[in-house]
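Dropping protein37.cif in here (mmCIF, C-alpha atoms and all ligand atoms):
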data_my_file
loop_
_atom_site.group_PDB
_atom_site.id
_atom_site.type_symbol
_atom_site.label_atom_id
_atom_site.label_comp_id
_atom_site.auth_asym_id
_atom_site.auth_seq_id
_atom_site.Cartn_x
_atom_site.Cartn_y
_atom_site.Cartn_z
ATOM 1 C CA MET A 1 -2.835 -8.145 -3.507
ATOM 2 C CA ARG A 2 -5.491 -10.781 -3.368
ATOM 3 C CA THR A 3 -8.540 -10.226 -1.224
ATOM 4 C CA ASP A 4 -11.716 -11.979 -0.179
ATOM 5 C CA MET A 5 -13.263 -8.661 0.805
ATOM 6 C CA SER A 6 -15.997 -6.937 -1.153
ATOM 7 C CA SER A 7 -15.820 -3.440 -2.571
ATOM 8 C CA THR A 8 -18.130 -2.129 0.147
ATOM 9 C CA GLY A 9 -15.734 -2.659 3.059
ATOM 10 C CA GLN A 10 -13.145 -0.260 4.406
ATOM 11 C CA ALA A 11 -9.535 -1.306 4.715
ATOM 12 C CA ASP A 12 -6.110 0.196 4.751
ATOM 13 C CA VAL A 13 -3.820 -1.772 2.467
ATOM 14 C CA VAL A 14 -0.623 0.104 3.244
ATOM 15 C CA SER A 15 -0.138 2.771 5.891
ATOM 16 C CA TYR A 16 2.875 4.911 6.740
ATOM 17 C CA ALA A 17 2.731 7.111 9.840
ATOM 18 C CA VAL A 18 5.138 9.627 11.334
ATOM 19 C CA GLN A 19 4.795 11.579 14.552
ATOM 20 C CA GLU A 20 3.763 14.702 12.652
ATOM 21 C CA ASN A 21 1.041 12.904 10.659
ATOM 22 C CA TYR A 22 -0.302 9.382 10.994
ATOM 23 C CA ASN A 23 -1.626 9.639 7.434
ATOM 24 C CA GLU A 24 1.759 10.408 5.914
ATOM 25 C CA LEU A 25 1.213 7.933 3.069
ATOM 26 C CA LEU A 26 -1.541 5.399 2.627
ATOM 27 C CA ILE A 27 -3.606 3.432 0.172
ATOM 28 C CA PHE A 28 -7.075 2.855 1.496
ATOM 29 C CA THR A 29 -10.248 1.318 0.186
ATOM 30 C CA ALA A 30 -13.003 3.518 1.483
ATOM 31 C CA GLY A 31 -16.005 1.337 0.733
ATOM 32 C CA GLY A 32 -18.547 2.361 -1.889
ATOM 33 C CA SER A 33 -16.548 5.409 -2.967
ATOM 34 C CA GLY A 34 -13.541 3.347 -4.013
ATOM 35 C CA PHE A 35 -9.858 3.660 -3.230
ATOM 36 C CA THR A 36 -7.987 6.687 -1.971
ATOM 37 C CA LEU A 37 -4.339 7.700 -2.005
ATOM 38 C CA THR A 38 -3.288 9.916 0.893
ATOM 39 C CA ALA A 39 -0.102 11.960 1.060
ATOM 40 C CA GLN A 40 0.471 13.846 4.307
ATOM 41 C CA GLY A 41 -3.223 13.939 5.094
ATOM 42 C CA LYS A 42 -4.215 15.174 1.616
ATOM 43 C CA ILE A 43 -6.476 12.726 -0.191
ATOM 44 C CA ALA A 44 -6.932 11.836 -3.863
ATOM 45 C CA ALA A 45 -9.971 9.756 -4.816
ATOM 46 C CA LEU A 46 -8.730 6.962 -7.065
ATOM 47 C CA GLY A 47 -12.200 5.558 -7.713
ATOM 48 C CA ALA A 48 -13.183 1.944 -8.126
ATOM 49 C CA LEU A 49 -10.432 -0.549 -8.949
ATOM 50 C CA PRO A 50 -11.074 -4.011 -10.402
ATOM 51 C CA VAL A 51 -9.568 -6.104 -7.629
ATOM 52 C CA TRP A 52 -12.592 -7.819 -6.048
ATOM 53 C CA ASP A 53 -12.650 -11.139 -7.909
ATOM 54 C CA GLY A 54 -10.503 -13.093 -5.469
ATOM 55 C CA LYS A 55 -7.547 -13.199 -7.867
ATOM 56 C CA TRP A 56 -4.095 -11.649 -7.622
ATOM 57 C CA HIS A 57 -3.812 -8.067 -8.816
ATOM 58 C CA ALA A 58 -0.914 -5.673 -9.006
ATOM 59 C CA VAL A 59 -1.844 -2.238 -7.715
ATOM 60 C CA CYS A 60 0.569 0.633 -8.247
ATOM 61 C CA ALA A 61 -0.075 4.222 -7.215
ATOM 62 C CA THR A 62 2.245 7.117 -8.056
ATOM 63 C CA TRP A 63 2.524 10.628 -6.671
ATOM 64 C CA ARG A 64 4.844 13.462 -7.672
ATOM 65 C CA SER A 65 5.451 16.266 -5.222
ATOM 66 C CA THR A 66 6.245 19.040 -7.708
ATOM 67 C CA ASP A 67 2.741 19.265 -9.193
ATOM 68 C CA GLY A 68 0.868 16.705 -7.161
ATOM 69 C CA ALA A 69 0.288 14.480 -10.187
ATOM 70 C CA TRP A 70 -0.950 11.035 -9.276
ATOM 71 C CA GLN A 71 -1.838 7.842 -11.106
ATOM 72 C CA VAL A 72 -3.146 4.436 -10.209
ATOM 73 C CA TYR A 73 -2.592 1.266 -12.213
ATOM 74 C CA THR A 74 -3.955 -2.214 -11.787
ATOM 75 C CA ASP A 75 -2.194 -5.050 -13.578
ATOM 76 C CA GLY A 76 -0.276 -2.514 -15.628
ATOM 77 C CA VAL A 77 -3.388 -0.675 -16.862
ATOM 78 C CA LEU A 78 -3.865 2.983 -15.953
ATOM 79 C CA GLN A 79 -7.183 3.272 -14.117
ATOM 80 C CA ALA A 80 -7.240 6.916 -13.043
ATOM 81 C CA SER A 81 -5.013 9.979 -12.778
ATOM 82 C CA GLY A 82 -5.146 13.519 -11.486
ATOM 83 C CA SER A 83 -3.055 16.357 -10.125
ATOM 84 C CA GLY A 84 -2.783 18.783 -7.249
ATOM 85 C CA LEU A 85 -2.270 16.190 -4.525
ATOM 86 C CA ASN A 86 -0.142 17.656 -1.729
ATOM 87 C CA VAL A 87 1.868 19.894 -4.062
ATOM 88 C CA GLY A 88 5.370 20.517 -2.758
ATOM 89 C CA GLY A 89 4.996 18.038 0.073
ATOM 90 C CA LYS A 90 7.936 15.981 1.273
ATOM 91 C CA VAL A 91 7.333 12.638 2.930
ATOM 92 C CA ARG A 92 9.090 12.487 6.268
ATOM 93 C CA SER A 93 11.419 9.664 7.247
ATOM 94 C CA GLY A 94 11.613 7.690 10.447
ATOM 95 C CA GLY A 95 8.002 6.570 10.651
ATOM 96 C CA THR A 96 6.266 3.220 10.875
ATOM 97 C CA TRP A 97 5.016 1.212 7.960
ATOM 98 C CA ILE A 98 2.064 -1.092 8.480
ATOM 99 C CA LEU A 99 0.296 -3.436 6.107
ATOM 100 C CA ALA A 100 -3.379 -4.346 6.354
ATOM 101 C CA GLN A 101 -4.336 -1.879 9.074
ATOM 102 C CA ASP A 102 -4.905 1.843 9.404
ATOM 103 C CA GLN A 103 -2.724 3.718 11.860
ATOM 104 C CA ASP A 104 -4.430 6.436 13.845
ATOM 105 C CA THR A 105 -1.288 6.811 15.931
ATOM 106 C CA VAL A 106 2.257 5.816 14.969
ATOM 107 C CA GLY A 107 2.196 2.025 15.123
ATOM 108 C CA GLY A 108 -1.276 1.854 16.662
ATOM 109 C CA GLY A 109 -4.778 3.257 16.862
ATOM 110 C CA PHE A 110 -6.157 0.358 14.850
ATOM 111 C CA GLU A 111 -9.840 -0.147 14.207
ATOM 112 C CA LEU A 112 -11.207 -3.575 13.365
ATOM 113 C CA TYR A 113 -13.465 -2.333 10.571
ATOM 114 C CA GLN A 114 -10.430 -0.994 8.674
ATOM 115 C CA THR A 115 -8.617 -4.340 8.517
ATOM 116 C CA PHE A 116 -7.572 -5.700 5.147
ATOM 117 C CA SER A 117 -8.392 -9.361 4.597
ATOM 118 C CA GLY A 118 -6.460 -11.394 2.060
ATOM 119 C CA GLU A 119 -2.866 -11.680 0.927
ATOM 120 C CA LEU A 120 -0.166 -9.166 0.144
ATOM 121 C CA SER A 121 3.193 -9.594 -1.485
ATOM 122 C CA GLN A 122 5.666 -7.556 -3.507
ATOM 123 C CA VAL A 123 5.030 -4.334 -1.605
ATOM 124 C CA ASN A 124 7.722 -1.995 -2.892
ATOM 125 C CA LEU A 125 8.276 1.726 -2.706
ATOM 126 C CA TRP A 126 10.304 4.022 -4.929
ATOM 127 C CA ASP A 127 11.385 7.614 -4.380
ATOM 128 C CA ARG A 128 10.502 8.550 -7.963
ATOM 129 C CA VAL A 129 7.552 8.053 -10.291
ATOM 130 C CA LEU A 130 7.921 4.900 -12.329
ATOM 131 C CA THR A 131 7.112 5.016 -16.032
ATOM 132 C CA ALA A 132 4.171 3.108 -17.441
ATOM 133 C CA ALA A 133 6.634 0.705 -19.022
ATOM 134 C CA GLU A 134 8.341 0.086 -15.689
ATOM 135 C CA ILE A 135 5.002 -0.544 -14.009
ATOM 136 C CA GLY A 136 4.083 -2.903 -16.807
ATOM 137 C CA THR A 137 2.313 -6.113 -16.019
ATOM 138 C CA ASP A 138 5.062 -8.149 -14.369
ATOM 139 C CA VAL A 139 5.451 -7.217 -10.725
ATOM 140 C CA CYS A 140 7.608 -10.195 -9.866
ATOM 141 C CA GLY A 141 11.207 -9.550 -8.953
ATOM 142 C CA GLN A 142 10.796 -5.797 -8.445
ATOM 143 C CA HIS A 143 13.023 -3.985 -5.966
ATOM 144 C CA GLY A 144 11.814 -0.642 -4.668
ATOM 145 C CA ASN A 145 14.711 1.718 -3.981
ATOM 146 C CA ALA A 146 13.008 3.196 -0.912
ATOM 147 C CA MET A 147 11.521 -0.068 0.329
ATOM 148 C CA ASP A 148 12.533 -3.372 -1.171
ATOM 149 C CA TRP A 149 10.184 -6.217 -0.336
ATOM 150 C CA GLU A 150 12.985 -8.742 -0.679
ATOM 151 C CA THR A 151 15.278 -7.171 1.877
ATOM 152 C CA THR A 152 12.871 -5.488 4.288
ATOM 153 C CA ASP A 153 12.516 -7.032 7.703
ATOM 154 C CA ILE A 154 8.882 -7.910 8.173
ATOM 155 C CA GLU A 155 7.353 -8.736 11.504
ATOM 156 C CA ASP A 156 4.020 -10.518 11.748
ATOM 157 C CA PHE A 157 1.536 -9.732 14.492
ATOM 158 C CA GLY A 158 -1.759 -11.323 15.450
ATOM 159 C CA LEU A 159 -3.153 -13.548 12.740
ATOM 160 C CA ALA A 160 -0.857 -12.369 9.999
ATOM 161 C CA THR A 161 1.229 -15.259 8.709
ATOM 162 C CA SER A 162 4.147 -15.358 6.308
ATOM 163 C CA ASP A 163 4.831 -17.989 3.688
ATOM 164 C CA GLU A 164 7.103 -18.347 0.748
ATOM 165 C CA TYR A 165 5.579 -18.473 -2.687
ATOM 166 C CA HIS A 166 6.664 -18.191 -6.288
ATOM 167 C CA CYS A 167 6.001 -15.010 -8.165
ATOM 168 C CA GLY A 168 6.980 -15.915 -11.690
ATOM 169 C CA LYS A 169 10.498 -17.311 -11.437
ATOM 170 C CA TYR A 170 11.122 -15.537 -8.166
ATOM 171 C CA ARG A 171 10.669 -17.016 -4.744
ATOM 172 C CA THR A 172 9.401 -14.375 -2.390
ATOM 173 C CA GLN A 173 7.344 -13.790 0.702
ATOM 174 C CA LEU A 174 3.598 -13.757 0.962
ATOM 175 C CA ILE A 175 1.636 -12.540 3.950
ATOM 176 C CA THR A 176 -1.877 -13.701 4.685
ATOM 177 C CA PHE A 177 -4.263 -11.618 6.765
ATOM 178 C CA ALA A 178 -7.412 -13.025 8.277
ATOM 179 C CA LYS A 179 -10.097 -10.572 9.233
ATOM 180 C CA THR A 180 -11.756 -11.114 12.658
ATOM 181 C CA PHE A 181 -8.828 -9.881 14.720
ATOM 182 C CA MET A 182 -6.722 -6.832 14.700
ATOM 183 C CA PHE A 183 -3.238 -7.425 13.517
ATOM 184 C CA LEU A 184 -0.524 -5.850 11.563
ATOM 185 C CA VAL A 185 2.723 -6.642 9.929
ATOM 186 C CA ALA A 186 5.734 -5.012 8.512
ATOM 187 C CA VAL A 187 6.667 -2.643 11.244
ATOM 188 C CA MET A 188 9.887 -1.115 10.123
ATOM 189 C CA GLN A 189 11.913 2.023 10.186
ATOM 190 C CA TRP A 190 11.643 3.706 6.860
ATOM 191 C CA LEU A 191 14.660 5.447 5.480
ATOM 192 C CA CYS A 192 13.554 7.647 2.687
ATOM 193 C CA CYS A 193 12.026 9.810 0.698
ATOM 194 C CA GLY A 194 11.346 13.185 -0.716
HETATM 195 CA CA CA B 1 -8.638 4.550 11.524
#
Would you put the structure from the file into structure tokens?
Ligand SMILES: [Ca+2]
Amino acid sequence: MRTDMSSTGQADVVSYAVQENYNELLIFTAGGSGFTLTAQGKIAALGALPVWDGKWHAVCATWRSTDGAWQVYTDGVLQASGSGLNVGGKVRSGGTWILAQDQDTVGGGFELYQTFSGELSQVNLWDRVLTAAEIGTDVCGQHGNAMDWETTDIEDFGLATSDEYHCGKYRTQLITFAKTFMFLVAVMQWLCCG
């Protein structure tokens, strides 16, 4: 992610909603209190993350159902960790995945003040917890086994625009989000996870 926002704004970076819960999975920046990771409506406070300098940063959050252990990395460096998040929970399939907006209904219920402004790329999802070595510092060329950025159909809405760019030696897709209007991208059917 690369953003021109400040740490005081609210924004949903990634949001996954199902009929049973529109906060099935999300990574949110909640303003002064920092980032949160939500799993099925249960929230872990990730704290402040160093992503507000207008440069590209790799953000990776992990969650394990069995004990609720969670971690958050930026640029391969562990920033915070905890446990007890939604222990035993199983993420439901068949929902809608949205970038840069917060769903308060499946595929909708957007609020302007929760819009992410900036650029996103390399948004991948795995159905297991990656090791620290796998998270590493090089996010280019990754392929999530639950959602693979390279093969996922992405649909732009509103002022979201897609471009190609080079991530290391890989040519991939970049999506730019301008604040001001409500928009969303990456509506897809999600086939995973547990
Ligand atoms: Ca909302």
What residues come out when you apply the PyMOL selection byres (((chain A and resi 74-85) around 6) and not hetatm) to this file, written as a list in words?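 Expected selection for the PyMOL selection byres (((chain A and resi 74-85) around 6) and not hetatm) here is His57, Ala58, Val59, Asp67, Gly68, Ala69, Trp70, Gln71, Val72, Tyr73, Asn86, Val87, Ile135, Gly136 and Thr137 of chain A.
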Distance filter 9 Å around ligand CA 1 (chain B), atoms: all atoms listed in the file, out as an NGL selection string: :A and (12 or 101-105 or 109-114)
Can you translate the PyMOL selection byres (((chain A and resi 21) around 9) and not hetatm) into the concrete residues it hits in this file, as a ChimeraX atom specification? /A:17-20,22-24,40-41,105-106
Smallest atom-to-atom distance to A:Ser15: which of A:Arg2, A:Gly32, A:Gly107, A:Trp52, using all atoms listed in the file? A:Gly107
Mind giving me the axis-aligned box for stretch 61-67 of chain A with 5 Å on every side, centre plus edges in Å to one decimal, as JSON?
{"center_x": 3.1, "center_y": 11.7, "center_z": -7.2, "size_x": 16.3, "size_y": 25.0, "size_z": 14.0}
